[in-house]
Structure formats: structure tokens, C-alpha cells
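J.: Below is the file data_14.cif, with mmCIF, N, CA and C atoms.
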data_upload
#
loop_
_atom_site.label_atom_id
_atom_site.label_comp_id
_atom_site.auth_asym_id
_atom_site.auth_seq_id
_atom_site.Cartn_x
_atom_site.Cartn_y
_atom_site.Cartn_z
N MET N 11 -0.49 23.27 11.51
CA MET N 11 -1.75 23.65 10.92
C MET N 11 -2.91 23.45 11.90
N GLN N 12 -2.75 22.59 12.86
CA GLN N 12 -3.81 22.35 13.84
C GLN N 12 -4.22 23.63 14.56
N ASP N 13 -3.23 24.45 14.94
CA ASP N 13 -3.54 25.67 15.67
C ASP N 13 -4.43 26.60 14.84
N LEU N 14 -4.14 26.73 13.55
CA LEU N 14 -4.95 27.61 12.71
C LEU N 14 -6.38 27.06 12.58
N GLU N 15 -6.52 25.77 12.44
CA GLU N 15 -7.85 25.18 12.35
C GLU N 15 -8.63 25.41 13.64
N GLN N 16 -7.96 25.28 14.78
CA GLN N 16 -8.61 25.53 16.07
C GLN N 16 -9.02 26.99 16.18
N ALA N 17 -8.14 27.90 15.76
CA ALA N 17 -8.45 29.34 15.80
C ALA N 17 -9.65 29.66 14.91
N LYS N 18 -9.67 29.09 13.71
CA LYS N 18 -10.78 29.32 12.79
C LYS N 18 -12.09 28.78 13.36
N ALA N 19 -12.04 27.61 13.98
CA ALA N 19 -13.24 27.01 14.56
C ALA N 19 -13.78 27.87 15.70
N LEU N 20 -12.91 28.38 16.54
CA LEU N 20 -13.35 29.25 17.63
C LEU N 20 -13.94 30.55 17.09
N LEU N 21 -13.32 31.11 16.07
CA LEU N 21 -13.84 32.33 15.45
C LEU N 21 -15.23 32.07 14.85
N ALA N 22 -15.39 30.92 14.22
CA ALA N 22 -16.66 30.58 13.57
C ALA N 22 -17.82 30.44 14.55
N GLN N 23 -17.53 30.22 15.81
CA GLN N 23 -18.58 30.12 16.81
C GLN N 23 -19.34 31.43 16.97
N GLY N 24 -18.73 32.54 16.55
CA GLY N 24 -19.39 33.83 16.56
C GLY N 24 -19.29 34.63 17.84
N GLU N 25 -18.67 34.07 18.86
CA GLU N 25 -18.55 34.78 20.14
C GLU N 25 -17.32 35.68 20.20
N HIS N 26 -16.37 35.42 19.33
CA HIS N 26 -15.08 36.12 19.38
C HIS N 26 -14.83 36.85 18.07
N THR N 27 -14.06 37.93 18.16
CA THR N 27 -13.66 38.66 16.95
C THR N 27 -12.23 38.32 16.56
N CYS N 28 -11.45 37.85 17.53
CA CYS N 28 -10.04 37.52 17.29
C CYS N 28 -9.65 36.36 18.20
N VAL N 29 -8.93 35.40 17.62
CA VAL N 29 -8.49 34.22 18.37
C VAL N 29 -7.02 33.96 18.07
N ARG N 30 -6.24 33.79 19.12
CA ARG N 30 -4.82 33.40 19.00
C ARG N 30 -4.68 32.01 19.59
N VAL N 31 -4.06 31.08 18.83
CA VAL N 31 -3.82 29.73 19.33
C VAL N 31 -2.35 29.40 19.16
N LEU N 32 -1.74 28.93 20.23
CA LEU N 32 -0.34 28.50 20.20
C LEU N 32 -0.24 27.19 20.95
N ASN N 33 0.19 26.16 20.25
CA ASN N 33 0.31 24.83 20.84
C ASN N 33 -0.98 24.37 21.51
N GLY N 34 -2.10 24.66 20.86
CA GLY N 34 -3.39 24.24 21.36
C GLY N 34 -4.00 25.13 22.43
N GLU N 35 -3.28 26.13 22.90
CA GLU N 35 -3.78 27.04 23.94
C GLU N 35 -4.34 28.29 23.28
N ALA N 36 -5.62 28.55 23.53
CA ALA N 36 -6.30 29.67 22.89
C ALA N 36 -6.40 30.88 23.80
N LYS N 37 -6.28 32.04 23.17
CA LYS N 37 -6.53 33.33 23.82
C LYS N 37 -7.54 34.02 22.91
N VAL N 38 -8.64 34.51 23.46
CA VAL N 38 -9.72 35.06 22.64
C VAL N 38 -10.06 36.48 23.06
N SER N 39 -10.70 37.19 22.13
CA SER N 39 -11.17 38.54 22.41
C SER N 39 -12.45 38.79 21.64
N ALA N 40 -13.32 39.57 22.23
CA ALA N 40 -14.54 40.00 21.56
C ALA N 40 -14.47 41.49 21.23
N ALA N 41 -13.32 42.10 21.46
CA ALA N 41 -13.14 43.52 21.17
C ALA N 41 -13.14 43.74 19.65
N ARG N 42 -13.33 44.98 19.25
CA ARG N 42 -13.44 45.31 17.83
C ARG N 42 -12.17 45.96 17.30
N ARG N 43 -12.12 45.98 16.00
CA ARG N 43 -11.05 46.65 15.24
C ARG N 43 -9.68 46.08 15.62
N LEU N 44 -8.71 46.95 15.91
CA LEU N 44 -7.35 46.49 16.24
C LEU N 44 -7.18 46.17 17.71
N GLU N 45 -8.19 46.46 18.52
CA GLU N 45 -8.05 46.31 19.97
C GLU N 45 -7.58 44.94 20.45
N PRO N 46 -8.08 43.82 19.88
CA PRO N 46 -7.57 42.53 20.37
C PRO N 46 -6.06 42.38 20.19
N LEU N 47 -5.57 42.71 19.00
CA LEU N 47 -4.13 42.57 18.75
C LEU N 47 -3.32 43.51 19.62
N ILE N 48 -3.79 44.73 19.77
CA ILE N 48 -3.09 45.69 20.62
C ILE N 48 -3.07 45.19 22.06
N ALA N 49 -4.18 44.70 22.55
CA ALA N 49 -4.24 44.19 23.93
C ALA N 49 -3.32 42.98 24.10
N PHE N 50 -3.33 42.07 23.14
CA PHE N 50 -2.46 40.90 23.22
C PHE N 50 -1.00 41.34 23.31
N LEU N 51 -0.61 42.27 22.45
CA LEU N 51 0.79 42.72 22.41
C LEU N 51 1.18 43.52 23.65
N LYS N 52 0.26 44.32 24.17
CA LYS N 52 0.55 45.08 25.38
C LYS N 52 0.74 44.15 26.58
N GLU N 53 -0.05 43.10 26.62
CA GLU N 53 0.03 42.14 27.72
C GLU N 53 1.35 41.37 27.67
N ASP N 54 1.74 40.96 26.45
CA ASP N 54 2.97 40.18 26.28
C ASP N 54 3.39 40.29 24.82
N GLU N 55 4.46 41.00 24.56
CA GLU N 55 4.90 41.20 23.17
C GLU N 55 5.19 39.89 22.45
N ASN N 56 5.41 38.81 23.18
CA ASN N 56 5.73 37.53 22.56
C ASN N 56 4.54 36.60 22.39
N THR N 57 3.36 37.04 22.79
CA THR N 57 2.20 36.15 22.77
C THR N 57 1.79 35.69 21.36
N LEU N 58 2.15 36.44 20.34
CA LEU N 58 1.81 36.05 18.97
C LEU N 58 2.93 35.26 18.29
N ARG N 59 4.11 35.24 18.88
CA ARG N 59 5.27 34.60 18.25
C ARG N 59 5.01 33.12 17.99
N GLY N 60 5.01 32.75 16.70
CA GLY N 60 4.79 31.37 16.30
C GLY N 60 3.34 30.92 16.36
N ALA N 61 2.43 31.84 16.68
CA ALA N 61 1.02 31.48 16.88
C ALA N 61 0.22 31.56 15.58
N ALA N 62 -0.95 30.94 15.64
CA ALA N 62 -1.95 31.07 14.59
C ALA N 62 -2.98 32.08 15.09
N VAL N 63 -3.40 32.97 14.22
CA VAL N 63 -4.38 34.00 14.59
C VAL N 63 -5.50 34.02 13.56
N ALA N 64 -6.72 34.00 14.07
CA ALA N 64 -7.90 34.14 13.20
C ALA N 64 -8.66 35.38 13.66
N ASP N 65 -9.03 36.22 12.70
CA ASP N 65 -9.73 37.47 13.01
C ASP N 65 -10.82 37.67 11.97
N ARG N 66 -11.90 38.32 12.37
CA ARG N 66 -12.98 38.57 11.42
C ARG N 66 -12.51 39.43 10.24
N VAL N 67 -11.67 40.43 10.53
CA VAL N 67 -11.18 41.34 9.49
C VAL N 67 -9.69 41.56 9.68
N ILE N 68 -8.93 41.32 8.62
CA ILE N 68 -7.49 41.59 8.65
C ILE N 68 -7.19 42.62 7.57
N GLY N 69 -6.94 43.85 8.01
CA GLY N 69 -6.51 44.91 7.12
C GLY N 69 -5.00 45.05 7.23
N ALA N 70 -4.47 46.02 6.53
CA ALA N 70 -3.02 46.22 6.52
C ALA N 70 -2.48 46.56 7.90
N ALA N 71 -3.20 47.37 8.67
CA ALA N 71 -2.72 47.73 10.01
C ALA N 71 -2.62 46.49 10.89
N ALA N 72 -3.63 45.62 10.85
CA ALA N 72 -3.58 44.38 11.62
C ALA N 72 -2.43 43.50 11.15
N ALA N 73 -2.21 43.45 9.85
CA ALA N 73 -1.12 42.63 9.31
C ALA N 73 0.24 43.12 9.82
N TRP N 74 0.41 44.43 9.88
CA TRP N 74 1.66 44.97 10.41
C TRP N 74 1.87 44.53 11.87
N LEU N 75 0.79 44.57 12.67
CA LEU N 75 0.90 44.15 14.07
C LEU N 75 1.18 42.65 14.18
N LEU N 76 0.57 41.87 13.32
CA LEU N 76 0.83 40.42 13.31
C LEU N 76 2.27 40.15 12.92
N ALA N 77 2.80 40.91 11.99
CA ALA N 77 4.20 40.76 11.60
C ALA N 77 5.12 41.14 12.76
N TYR N 78 4.81 42.24 13.43
CA TYR N 78 5.61 42.65 14.58
C TYR N 78 5.60 41.57 15.65
N GLY N 79 4.44 41.00 15.89
CA GLY N 79 4.30 39.98 16.93
C GLY N 79 4.88 38.63 16.56
N GLY N 80 5.19 38.42 15.28
CA GLY N 80 5.80 37.16 14.86
C GLY N 80 4.81 36.02 14.66
N ALA N 81 3.57 36.35 14.32
CA ALA N 81 2.58 35.30 14.05
C ALA N 81 3.09 34.40 12.92
N ALA N 82 2.74 33.13 13.00
CA ALA N 82 3.18 32.17 11.99
C ALA N 82 2.13 31.95 10.90
N ARG N 83 0.86 31.94 11.30
CA ARG N 83 -0.23 31.67 10.37
C ARG N 83 -1.41 32.58 10.72
N VAL N 84 -2.12 33.04 9.69
CA VAL N 84 -3.21 33.99 9.90
C VAL N 84 -4.40 33.63 9.02
N TYR N 85 -5.58 33.77 9.60
CA TYR N 85 -6.82 33.65 8.82
C TYR N 85 -7.61 34.93 9.02
N GLY N 86 -8.11 35.49 7.94
CA GLY N 86 -8.99 36.64 8.02
C GLY N 86 -10.31 36.31 7.34
N GLY N 87 -11.41 36.50 8.04
CA GLY N 87 -12.71 36.31 7.40
C GLY N 87 -12.81 37.20 6.18
N VAL N 88 -12.33 38.42 6.34
CA VAL N 88 -12.15 39.38 5.25
C VAL N 88 -10.71 39.85 5.34
N MET N 89 -10.01 39.88 4.21
CA MET N 89 -8.61 40.33 4.21
C MET N 89 -8.37 41.27 3.05
N SER N 90 -7.69 42.38 3.34
CA SER N 90 -7.38 43.34 2.29
C SER N 90 -6.13 42.94 1.52
N ALA N 91 -6.02 43.47 0.32
CA ALA N 91 -4.84 43.23 -0.51
C ALA N 91 -3.59 43.75 0.19
N GLY N 92 -3.72 44.88 0.87
CA GLY N 92 -2.58 45.44 1.60
C GLY N 92 -2.11 44.52 2.71
N ALA N 93 -3.05 43.87 3.38
CA ALA N 93 -2.70 42.92 4.44
C ALA N 93 -1.93 41.75 3.85
N ALA N 94 -2.40 41.24 2.71
CA ALA N 94 -1.73 40.10 2.07
C ALA N 94 -0.29 40.46 1.70
N ILE N 95 -0.09 41.66 1.22
CA ILE N 95 1.26 42.10 0.85
C ILE N 95 2.18 42.11 2.07
N VAL N 96 1.70 42.66 3.19
CA VAL N 96 2.51 42.71 4.41
C VAL N 96 2.81 41.29 4.91
N LEU N 97 1.80 40.44 4.95
CA LEU N 97 2.01 39.08 5.44
C LEU N 97 3.01 38.33 4.56
N GLU N 98 2.91 38.50 3.25
CA GLU N 98 3.87 37.87 2.34
C GLU N 98 5.27 38.40 2.57
N GLN N 99 5.39 39.70 2.77
CA GLN N 99 6.69 40.33 3.01
C GLN N 99 7.39 39.72 4.22
N TYR N 100 6.61 39.34 5.23
CA TYR N 100 7.18 38.79 6.45
C TYR N 100 7.11 37.26 6.50
N GLY N 101 6.74 36.63 5.41
CA GLY N 101 6.74 35.17 5.33
C GLY N 101 5.69 34.51 6.21
N ILE N 102 4.57 35.20 6.43
CA ILE N 102 3.49 34.67 7.27
C ILE N 102 2.46 34.01 6.36
N ALA N 103 2.19 32.72 6.61
CA ALA N 103 1.18 32.00 5.82
C ALA N 103 -0.19 32.56 6.16
N TYR N 104 -1.04 32.69 5.16
CA TYR N 104 -2.37 33.25 5.43
C TYR N 104 -3.44 32.59 4.57
N GLU N 105 -4.65 32.68 5.10
CA GLU N 105 -5.86 32.24 4.41
C GLU N 105 -6.93 33.30 4.64
N PHE N 106 -7.93 33.33 3.79
CA PHE N 106 -9.01 34.29 3.98
C PHE N 106 -10.31 33.72 3.45
N GLY N 107 -11.40 34.25 3.96
CA GLY N 107 -12.71 33.89 3.47
C GLY N 107 -13.09 34.74 2.28
N GLU N 108 -12.78 36.04 2.38
CA GLU N 108 -13.09 36.99 1.31
C GLU N 108 -11.94 37.96 1.16
N ALA N 109 -11.48 38.14 -0.08
CA ALA N 109 -10.43 39.10 -0.37
C ALA N 109 -11.06 40.39 -0.86
N VAL N 110 -10.58 41.52 -0.34
CA VAL N 110 -11.06 42.83 -0.78
C VAL N 110 -9.86 43.72 -1.10
N ALA N 111 -10.09 44.72 -1.91
CA ALA N 111 -9.01 45.63 -2.28
C ALA N 111 -8.50 46.39 -1.06
N PHE N 112 -9.44 46.83 -0.22
CA PHE N 112 -9.07 47.55 1.00
C PHE N 112 -10.22 47.45 1.99
N ILE N 113 -9.91 47.72 3.24
CA ILE N 113 -10.94 47.73 4.28
C ILE N 113 -11.61 49.10 4.24
N GLN N 114 -12.93 49.08 4.23
CA GLN N 114 -13.70 50.32 4.14
C GLN N 114 -14.06 50.86 5.52
N ARG N 115 -14.22 52.15 5.57
CA ARG N 115 -14.74 52.82 6.77
C ARG N 115 -16.16 52.29 6.98
N PRO N 116 -16.53 51.94 8.21
CA PRO N 116 -17.88 51.43 8.46
C PRO N 116 -18.95 52.39 7.93
N GLY N 117 -19.90 51.85 7.18
CA GLY N 117 -21.00 52.65 6.65
C GLY N 117 -20.62 53.55 5.48
N SER N 118 -19.48 53.28 4.87
CA SER N 118 -19.00 54.14 3.80
C SER N 118 -18.21 53.32 2.79
N GLU N 119 -17.95 53.90 1.65
CA GLU N 119 -17.08 53.25 0.68
C GLU N 119 -15.66 53.79 0.76
N ALA N 120 -15.43 54.71 1.69
CA ALA N 120 -14.11 55.31 1.86
C ALA N 120 -13.16 54.34 2.56
N LEU N 121 -11.90 54.57 2.37
CA LEU N 121 -10.85 53.78 3.01
C LEU N 121 -10.93 53.92 4.52
N CYS N 122 -10.85 52.81 5.23
CA CYS N 122 -10.81 52.82 6.70
C CYS N 122 -9.60 53.64 7.16
N PRO N 123 -9.74 54.45 8.18
CA PRO N 123 -8.62 55.28 8.63
C PRO N 123 -7.35 54.47 8.99
N MET N 124 -7.52 53.31 9.60
CA MET N 124 -6.35 52.50 9.95
C MET N 124 -5.70 51.89 8.72
N GLU N 125 -6.52 51.51 7.75
CA GLU N 125 -5.99 50.98 6.48
C GLU N 125 -5.19 52.08 5.78
N GLU N 126 -5.73 53.29 5.81
CA GLU N 126 -5.05 54.44 5.19
C GLU N 126 -3.74 54.74 5.92
N ARG N 127 -3.79 54.73 7.23
CA ARG N 127 -2.58 55.00 8.02
C ARG N 127 -1.51 53.95 7.76
N ALA N 128 -1.93 52.70 7.60
CA ALA N 128 -0.99 51.60 7.38
C ALA N 128 -0.20 51.77 6.09
N LEU N 129 -0.73 52.52 5.14
CA LEU N 129 -0.02 52.76 3.89
C LEU N 129 1.28 53.52 4.10
N THR N 130 1.39 54.23 5.23
CA THR N 130 2.59 55.03 5.49
C THR N 130 3.69 54.23 6.20
N PHE N 131 3.37 53.04 6.70
CA PHE N 131 4.36 52.27 7.45
C PHE N 131 5.37 51.61 6.52
N THR N 132 6.61 51.58 6.98
CA THR N 132 7.66 50.92 6.20
C THR N 132 8.24 49.71 6.94
N SER N 133 7.83 49.52 8.19
CA SER N 133 8.31 48.36 8.95
C SER N 133 7.30 48.00 10.03
N ALA N 134 7.39 46.76 10.48
CA ALA N 134 6.51 46.31 11.56
C ALA N 134 6.81 47.07 12.85
N GLU N 135 8.06 47.40 13.07
CA GLU N 135 8.44 48.15 14.26
C GLU N 135 7.81 49.54 14.26
N GLN N 136 7.81 50.20 13.12
CA GLN N 136 7.18 51.50 13.01
C GLN N 136 5.68 51.39 13.28
N ALA N 137 5.05 50.38 12.71
CA ALA N 137 3.61 50.18 12.91
C ALA N 137 3.30 49.99 14.39
N TYR N 138 4.11 49.16 15.06
CA TYR N 138 3.90 48.90 16.48
C TYR N 138 4.03 50.20 17.27
N LYS N 139 5.07 50.95 17.01
CA LYS N 139 5.28 52.21 17.75
C LYS N 139 4.13 53.18 17.54
N GLU N 140 3.64 53.27 16.32
CA GLU N 140 2.58 54.25 16.04
C GLU N 140 1.19 53.78 16.45
N LEU N 141 0.96 52.48 16.45
CA LEU N 141 -0.37 51.97 16.75
C LEU N 141 -0.54 51.53 18.21
N VAL N 142 0.54 51.11 18.84
CA VAL N 142 0.44 50.52 20.17
C VAL N 142 1.03 51.41 21.26
N GLN N 143 2.21 51.93 21.03
CA GLN N 143 2.88 52.68 22.10
C GLN N 143 2.33 54.08 22.24
#
Using C-alpha cells, write down the structure from this file.
T.:
Amino acid sequence: MQDLEQAKALLAQGEHTCVRVLNGEAKVSAARRLEPLIAFLKEDENTLRGAAVADRVIGAAAAWLLAYGGAARVYGGVMSAGAAIVLEQYGIAYEFGEAVAFIQRPGSEALCPMEERALTFTSAEQAYKELVQ
């Protein structure tokens, strides 16, 4: 649990959008949307394995990538119901600041395109192939 608390504390500082902590070692990103998770996975597919990840927003697409990467614990400042379902399916412990039905398109009440796309995924491997490769 220490790693998740460290990740949450680093996220709360406001300088980062996504934080990965594994055995006390942090990797941070200030990139937006799915870019931090995609960059982490492209750099090293195993970087999330067993790690705690804190992100400002966790939608279903992010949850699929976290499942693919093997994250152990996740915190989302905002988390969609679809993300929670994916994380539960893969046995990933999660916490959130605010639960929402779905992630909205910025400046709109419409479904975020990535959240909508994530509805079509049936496995973490499929999500990784379609979102990262």
C-alpha cells in the first residue's frame, strides 16, 4: 500500500498527470490523456507490472492499458464506471476521488472518444494492440 500512497502524494502535488511507483521508485509524466500510460508501456512493457499507478483521470481505455501492463493498484482522481469494471475483471485494487458514469469529451457532455472506443475491447491484449501498437 505504501507505493499507492506515494503515487497519490506525488499526483496531489499538481505537477504530474500520471505517476507509477514500484518498490518506492517513481516514474512520472505530465502528458495528457492516455499518453503517459502509452509512453510507459512503449518504453518497457513490464514497467507497470506489480506497480501502483495514480492518474488524474482513469477511464475505461486507461483501465485496459493498466490491466495489460499488470498494475497491482490504481488511483484515479476521477474514475469511470467502465474503468472500475475492467479493473475488477483483472483483480486490480482501485481507489478514486470521484466516480462518474463515463468520461466526457472535453467541453461537452458527450462520451470521450477513447471511452467509447474502449467499449469495443474484449481483452487487455486487444486494447494494447489498438491503442499502443
J.: Would you mind listing what lies within 6.5 Å of range 51-62 of chain N as a list in words, with all atoms listed in the file counted and same-chain residues fewer than 3 positions away left out?
T.: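 Here the answer would be Asp13, Leu14, Ala17, Val29, Arg30, Val31, Leu32, Asn33, Pro46, Leu47, Ile48, Gly79, Gly80, Ala81, Ala82, Arg83, Val84 and Tyr85 of chain N.
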J.: Please compute the atom N of Gly87 in chain N-atom N of Asp65 in chain N distance, one decimal, in Å.
T.: 5.2 Å
J.: Can you work out which one of N:Phe131, N:Tyr138, N:Phe50, N:Phe112 has the shortest atom-to-atom distance to Ile68 in chain N, counting all atoms listed in the file?
T.: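 The answer is N:Phe112, which sits nearest to Ile68 in chain N.
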J.: So how many Å separate CA of Glu135 in chain N and CA of His26 in chain N, to one decimal?
T.: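 CA of His26 in chain N lies at a distance of 26.9 Å from CA of Glu135 in chain N.
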J.: As a PyMOL selection string, please: the residues near Gly107 in chain N (cut-off 6 Å, all atoms listed in the file, same-chain neighbours under 6 positions excluded).
T.: chain N and resi 86-89
J.: Could you work out how far atom N of Gly117 in chain N lies from CA of Ala103 in chain N, giving the answer in Å with one decimal?
T.: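 Distance reported for this atom pair: 29.0 Å.
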J.: Using only C-alpha atoms, which residues sit within 9 Å of Gly101 in chain N once same-chain residues fewer than 4 positions away are excluded, as a compact mmCIF listing (two decimals) with N, CA and C atoms, in the coordinates of the input?
T.:
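Saved as out-v1.txt:
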# COMPACT_ATOMS: atom_id res chain seq x y z
N ALA N 77 2.80 40.91 11.99
CA ALA N 77 4.20 40.76 11.60
C ALA N 77 5.12 41.14 12.76
N ALA N 82 2.74 33.13 13.00
CA ALA N 82 3.18 32.17 11.99
C ALA N 82 2.13 31.95 10.90
N VAL N 96 1.70 42.66 3.19
CA VAL N 96 2.51 42.71 4.41
C VAL N 96 2.81 41.29 4.91
N LEU N 97 1.80 40.44 4.95
CA LEU N 97 2.01 39.08 5.44
C LEU N 97 3.01 38.33 4.56
J.: Where in range 12-141 of chain N does DSSP assign strand (DSSP E or B), given as number ranges by chain?
T.: N: 28-32, 35-39, 62-68, 83-90, 103-110, 114, 121
J.: Write out as number ranges by chain all residues of range 33-67 of chain N that DSSP puts in alpha helix (DSSP H) for this structure's backbone.
T.: N: 45-53
J.: Counting only C-alpha atoms, figure out which residue out of N:Ala137, N:Ala109, N:Val142, N:Ala94 gets nearest to Ala49 in chain N.
T.: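 Smallest distance to Ala49 in chain N is found for N:Val142.
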J.: Evaluating the PyMOL selection byres ((chain N and resi 39) around 5) on the displayed file yields which residues, as number ranges by chain?
T.: N: 26-28, 37-38, 40-41
J.: With only C-alpha atoms as the atoms that count, which of N:Arg66, N:Leu20, N:Gln136, N:Ile95 lies nearest to Gly34 in chain N?
T.: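 Checking each candidate against Gly34 in chain N, we get N:Leu20 as the closest.
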J.: Which one is closest to Leu76 in chain N: N:Glu126, N:Glu98, N:Glu108, N:Glu35? Count only C-alpha atoms.
T.: N:Glu98
J.: Go ahead and find all residues with at least one atom no further than 8 Å from (-3.8, 46.0, 11.9) in the file's coordinates, using all atoms listed in the file; report them as a ChimeraX atom specification.
T.: /N:43-45,47-48,67-76,124-125,128
J.: Any chance you could export the current selection's N, CA and C atoms as a compact mmCIF listing (two decimals), in the frame of the given file?
T.:
# COMPACT_ATOMS: atom_id res chain seq x y z
N ARG N 43 -12.12 45.98 16.00
CA ARG N 43 -11.05 46.65 15.24
C ARG N 43 -9.68 46.08 15.62
N LEU N 44 -8.71 46.95 15.91
CA LEU N 44 -7.35 46.49 16.24
C LEU N 44 -7.18 46.17 17.71
N GLU N 45 -8.19 46.46 18.52
CA GLU N 45 -8.05 46.31 19.97
C GLU N 45 -7.58 44.94 20.45
N LEU N 47 -5.57 42.71 19.00
CA LEU N 47 -4.13 42.57 18.75
C LEU N 47 -3.32 43.51 19.62
N ILE N 48 -3.79 44.73 19.77
CA ILE N 48 -3.09 45.69 20.62
C ILE N 48 -3.07 45.19 22.06
N VAL N 67 -11.67 40.43 10.53
CA VAL N 67 -11.18 41.34 9.49
C VAL N 67 -9.69 41.56 9.68
N ILE N 68 -8.93 41.32 8.62
CA ILE N 68 -7.49 41.59 8.65
C ILE N 68 -7.19 42.62 7.57
N GLY N 69 -6.94 43.85 8.01
CA GLY N 69 -6.51 44.91 7.12
C GLY N 69 -5.00 45.05 7.23
N ALA N 70 -4.47 46.02 6.53
CA ALA N 70 -3.02 46.22 6.52
C ALA N 70 -2.48 46.56 7.90
N ALA N 71 -3.20 47.37 8.67
CA ALA N 71 -2.72 47.73 10.01
C ALA N 71 -2.62 46.49 10.89
N ALA N 72 -3.63 45.62 10.85
CA ALA N 72 -3.58 44.38 11.62
C ALA N 72 -2.43 43.50 11.15
N ALA N 73 -2.21 43.45 9.85
CA ALA N 73 -1.12 42.63 9.31
C ALA N 73 0.24 43.12 9.82
N TRP N 74 0.41 44.43 9.88
CA TRP N 74 1.66 44.97 10.41
C TRP N 74 1.87 44.53 11.87
N LEU N 75 0.79 44.57 12.67
CA LEU N 75 0.90 44.15 14.07
C LEU N 75 1.18 42.65 14.18
N LEU N 76 0.57 41.87 13.32
CA LEU N 76 0.83 40.42 13.31
C LEU N 76 2.27 40.15 12.92
N MET N 124 -7.52 53.31 9.60
CA MET N 124 -6.35 52.50 9.95
C MET N 124 -5.70 51.89 8.72
N GLU N 125 -6.52 51.51 7.75
CA GLU N 125 -5.99 50.98 6.48
C GLU N 125 -5.19 52.08 5.78
N ALA N 128 -1.93 52.70 7.60
CA ALA N 128 -0.99 51.60 7.38
C ALA N 128 -0.20 51.77 6.09
J.: At a cut-off of 7 Å, using all atoms listed in the file, what residues contact Pro123 in chain N? Leave out same-chain residues fewer than 5 positions from it and give the result as a PyMOL selection string.
T.: chain N and resi 113-115+128
